[in-house]
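To keep things clear, I will list the structure first and then write my remarks on it.
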Amino acid sequence: MNALVKNMIRFMLFILVQVFVLDNIHLHQMLTPYIYFLFILWLPFRIGRTQLMMIAFALGFTLDSFRHHPGFHTAACLLIAYIRPFLIGLLIPQEGADNNYEEPSIKSMGGVLPYLIFVGVLTLLHHGWLFFLEAWQFGNIWYFLVKTLLSTVLSLVLIMITELLFTRQQKFRTNTV
Amino acid sequence: MHYSQSLTPNSKFLALVRNIFLFIRRYFNLILFLLLQGFSIYLIVHYSNYHKAVFSKTSNQLTGKINTQYNNIHSYFTLKKTNDSLSKAIGILYNKLKSDFELPDTSSHFIIDSIKIDSMERYRKYHYFPARVVYNSVAAQNNFIVLARGASQNIKEGMGVIDPASAVVGIVTNVSADYAVVMSLLHKDSHLSGKLLKGGEAGILNWDGKMPNMISLSGIPKSAKVARGDTVISSGLSTSSIPKGMMLGVVQEVKADKSTNNYLVKFKTSANFYNLEYVFVIDNKQADNINAILNKVEKKDN
């Protein structure tokens, strides 16, 4: 399938699942799992940073339109889109691995641990920034910390389940062809 | 020599421009990131400006349509609950019927049933419009509800919203052609006025962003008698769009604030924000009248 079409379908699916399924879950009344930002993590390696940020902006703004108070998710998505290339540069095992594979996954990152660090750090950053912006107007720090940590764990579990359920076909692309 | 000397300031300027361009090119991504980040924080802080913007109306219209599609399916799963709440509401209304009461002296009927109230709309103060909830959030720090009824169906900004059991839900903050966005009580900027049913002391509502269904009522003086289980009702003061006496909640916690002369009262809301299906939007027909006078007074003060 064409990468553009595939990602457009993903975009819509992630937004719909987030708005209509996950937003209706309130664990212990205040914890809501997040998964829509996995769209940014799954984008191909070769996308430039500028485009990456534009896409992240669009994703965040679309979700915010459903939440009717714009800005929060936009800011959080922008942050992880900006950090993502740095993190990939740090974690990718050998030179050129990002040319051999299409997009970040357990296989292309060279193992479960690097991929887990990749997803974990970005999830923590996304949640931290999102809840910081929300809590900033209320000003209760402990509540913010607890909420961030618990939500990160919850989202990570959900992301791992998603990875197991929807295995993405990752073809090894040799640069000889 | 002569030429090159005269050119130096110009070439210095060119070098500066070149350096600026090089700087922008080098740090383009960082600058873009900061700009977009700044824009989104601007949207968070100046969210009322966003609501005035035209594109919010179109985005409301769009997300509203998607929400309605979803709600068309979802509403089947809650039909029983909706039926229960509506039949309860009808029960309350039946008990308010005049035929429920029989007075030995029938002359009073003529006074109450005067033509004024029924057929001449100019004496009507409140008008209720039923509306369907198509989107509802409780887990965010600022929560909104979307109704499938908008400006073309008589909804205006600032109208009050109650649930079928006449418990206060929130205030309409933004209206598009067919949808209305309601700021629920669970919102940082939601400061309605409520009062204690028993003593009549009025205070301001605010939500601390922690527990949905728990709201604090500030400004209740220590001279007031408050206890757990007391009823909190709308005062009809803060926004003229919610009538006096609508249920707000039941007091759960009373603490004495050491620094002020007030109590810290927390109450559980009567409206269940987790499963709102139908609500009523209240139009205060006399609001324009009151606001006109208020504006006049404010102008005099300034």
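Ligands are numbered from 1 in the order shown, chains are lettered A, B, ... in the order of the structure tokens, and residues start at 1 in each chain.
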Contacts of Ser166 of chain B at 12 Å (only C-alpha atoms; same-chain gap of 3+ positions) as a count of residues only: 33
Picked from segment 6-121 of chain A by DSSP as helix (DSSP H, G or I), as a PyMOL selection string: chain A and resi 6-20+22-24+38-41+49-67+72-91+97-100+112-121
For segment 224-230 of chain B, please output as a compact mmCIF listing (two decimals) with N, CA, C and O atoms, in the first residue's frame all residues within 8 Å (counting only C-alpha atoms; exclusion window: fewer than 6 positions along the same chain).
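File out_1.txt, as written:
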```txt
# COMPACT_ATOMS: atom_id res chain seq x y z
N LEU B 196 -26.68 27.79 49.79
CA LEU B 196 -27.17 26.72 50.64
C LEU B 196 -28.68 26.85 50.77
O LEU B 196 -29.20 27.95 50.99
N LEU B 197 -29.37 25.73 50.60
CA LEU B 197 -30.83 25.77 50.64
C LEU B 197 -31.31 26.17 52.04
O LEU B 197 -32.24 26.95 52.19
N LYS B 198 -30.61 25.65 53.07
CA LYS B 198 -31.08 25.86 54.44
C LYS B 198 -30.90 27.32 54.88
O LYS B 198 -31.86 27.99 55.22
N GLY B 199 -29.67 27.80 54.81
CA GLY B 199 -29.41 29.13 55.35
C GLY B 199 -29.55 30.24 54.33
O GLY B 199 -29.79 31.39 54.67
N GLU B 201 -27.00 31.25 52.37
CA GLU B 201 -25.73 31.93 52.11
C GLU B 201 -25.24 31.56 50.71
O GLU B 201 -25.22 30.39 50.34
N VAL B 250 -24.96 18.01 46.88
CA VAL B 250 -25.13 17.73 48.30
C VAL B 250 -23.76 17.86 48.98
O VAL B 250 -22.77 17.31 48.49
N VAL B 251 -23.70 18.60 50.08
CA VAL B 251 -22.43 18.87 50.76
C VAL B 251 -21.81 17.58 51.30
O VAL B 251 -22.50 16.76 51.91
N GLN B 252 -20.51 17.39 51.02
CA GLN B 252 -19.81 16.19 51.47
C GLN B 252 -18.79 16.50 52.56
O GLN B 252 -18.48 15.65 53.36
N GLU B 253 -18.25 17.70 52.53
CA GLU B 253 -17.10 17.99 53.38
C GLU B 253 -17.13 19.47 53.77
O GLU B 253 -17.31 20.33 52.92
N VAL B 254 -16.98 19.74 55.04
CA VAL B 254 -16.92 21.13 55.50
C VAL B 254 -15.65 21.31 56.32
O VAL B 254 -15.43 20.58 57.28
```
Counting only C-alpha atoms, give me one row per residue of chain A with an atom at most 9 Å from an atom of chain B, showing the shortest contact pair and its distance in Å to one decimal, sorted by chain then residue number, as CSV.
```
residue,atom,partner,partner_atom,distance
A:Phe20,CA,B:Tyr70,CA,7.7
A:Asp23,CA,B:Ser137,CA,7.4
A:Asn24,CA,B:Ser137,CA,7.7
A:Ile25,CA,B:Ala139,CA,8.6
A:His26,CA,B:Ala139,CA,6.6
A:Gln29,CA,B:Met211,CA,7.0
A:Met30,CA,B:Ala139,CA,5.2
A:Leu31,CA,B:Ala139,CA,6.9
A:Thr32,CA,B:Ala139,CA,6.6
A:Arg49,CA,B:Asn29,CA,6.8
A:Thr50,CA,B:Asn29,CA,6.1
A:Met53,CA,B:Phe33,CA,7.2
A:Phe57,CA,B:Leu36,CA,7.8
A:Phe61,CA,B:Ser40,CA,8.9
A:Thr62,CA,B:Ser59,CA,9.0
A:Ser65,CA,B:Ser59,CA,6.4
A:Phe66,CA,B:Thr63,CA,6.0
A:Arg67,CA,B:Phe144,CA,7.1
A:His68,CA,B:Phe144,CA,6.8
A:His69,CA,B:Tyr47,CA,6.8
A:Pro70,CA,B:Leu43,CA,6.0
A:Gly71,CA,B:Ser40,CA,4.3
A:Phe72,CA,B:Ile44,CA,6.7
A:His73,CA,B:Ser40,CA,8.7
A:Thr74,CA,B:Ser40,CA,6.2
A:Ala75,CA,B:Gln37,CA,5.5
A:Ala76,CA,B:Gln37,CA,8.7
A:Leu78,CA,B:Gln37,CA,6.9
A:Leu79,CA,B:Phe33,CA,7.8
A:Tyr82,CA,B:Phe33,CA,6.9
A:Phe131,CA,B:Gln141,CA,8.7
A:Leu133,CA,B:Ile41,CA,8.4
A:Glu134,CA,B:Gln141,CA,6.1
A:Ala135,CA,B:Gln141,CA,7.5
A:Gln137,CA,B:Lys188,CA,7.7
A:Phe138,CA,B:Asp208,CA,6.6
A:Asn140,CA,B:Asp208,CA,8.8
A:Tyr143,CA,B:Lys210,CA,7.9
```
Test item: residues at most 10 Å from segment 165-170 of chain A, only C-alpha atoms, excluding those fewer than 2 positions along its chain, as a PyMOL selection string: chain A and resi 42+100-108+159-163+172-173
Residue set, segment 133-271 of chain B restricted to strand (DSSP E or B), as a ChimeraX atom specification: /B:133-136,144-147,160-162,167-175,180-184,193-196,202-206,214-221,231-234,247-256,262-269
Counting only C-alpha atoms, the option among B:Ser218, B:Asn19, B:Gln61, B:Ser184 closest to Ala167 of chain B: B:Ser184
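Taking atom CA of Leu79 of chain B as the reference point, atom CA of Ala165 of chain B is found at 16.3 Å.
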Nearest residue to Leu217 of chain B from the set B:Lys300, B:His187, B:Lys255, B:Lys266 (distances using only C-alpha atoms):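 So, comparing all the options, the nearest one is B:Lys266.
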Selection: 12 Å around Leu4 of chain A, only C-alpha atoms, excl. self and same-chain fewer than 5 positions, as a list in words: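 The residues that qualify are Ile9, Arg10, Phe11, Leu43, Pro44 and Ile47 of chain A.
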Those residues with N, CA, C and O atoms, as a PDB file, in the first residue's frame please?
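Okay, this is what ended up in part32.pdb:
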```
ATOM      1  N   ILE A   9      -5.008   6.723   6.544  1.00  0.00           N
ATOM      2  CA  ILE A   9      -5.976   5.836   7.199  1.00  0.00           C
ATOM      3  C   ILE A   9      -5.633   5.699   8.681  1.00  0.00           C
ATOM      4  O   ILE A   9      -6.502   5.773   9.547  1.00  0.00           O
ATOM      5  N   ARG A  10      -4.336   5.552   8.964  1.00  0.00           N
ATOM      6  CA  ARG A  10      -3.891   5.458  10.353  1.00  0.00           C
ATOM      7  C   ARG A  10      -4.294   6.692  11.147  1.00  0.00           C
ATOM      8  O   ARG A  10      -4.783   6.593  12.261  1.00  0.00           O
ATOM      9  N   PHE A  11      -4.063   7.860  10.549  1.00  0.00           N
ATOM     10  CA  PHE A  11      -4.395   9.139  11.191  1.00  0.00           C
ATOM     11  C   PHE A  11      -5.850   9.138  11.639  1.00  0.00           C
ATOM     12  O   PHE A  11      -6.161   9.370  12.806  1.00  0.00           O
ATOM     13  N   LEU A  43       5.562   7.037  12.201  1.00  0.00           N
ATOM     14  CA  LEU A  43       5.828   7.669  10.904  1.00  0.00           C
ATOM     15  C   LEU A  43       7.185   7.197  10.361  1.00  0.00           C
ATOM     16  O   LEU A  43       8.091   6.879  11.133  1.00  0.00           O
ATOM     17  N   PRO A  44       7.339   7.137   9.034  1.00  0.00           N
ATOM     18  CA  PRO A  44       8.591   6.638   8.451  1.00  0.00           C
ATOM     19  C   PRO A  44       9.815   7.436   8.897  1.00  0.00           C
ATOM     20  O   PRO A  44       9.719   8.602   9.246  1.00  0.00           O
ATOM     21  N   ILE A  47      10.997  10.873   6.888  1.00  0.00           N
ATOM     22  CA  ILE A  47      10.283  12.157   6.928  1.00  0.00           C
ATOM     23  C   ILE A  47      11.160  13.207   7.595  1.00  0.00           C
ATOM     24  O   ILE A  47      11.731  12.967   8.659  1.00  0.00           O
TER      25      ILE A  47
END
```
Best match for closeness to Gly91 of chain B among B:Gln286, B:Ser193, B:Gly236, B:Pro164, counting only C-alpha atoms: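 Among B:Gln286, B:Ser193, B:Gly236, B:Pro164, it is B:Pro164 that comes nearest to Gly91 of chain B.
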Counting only C-alpha atoms, the residue of A:Thr148, A:Asn2, A:Gln18, A:Asn7 that sits nearest Ile35 of chain A: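 Looking at the shortest contact to Ile35 of chain A, the residue is A:Gln18.
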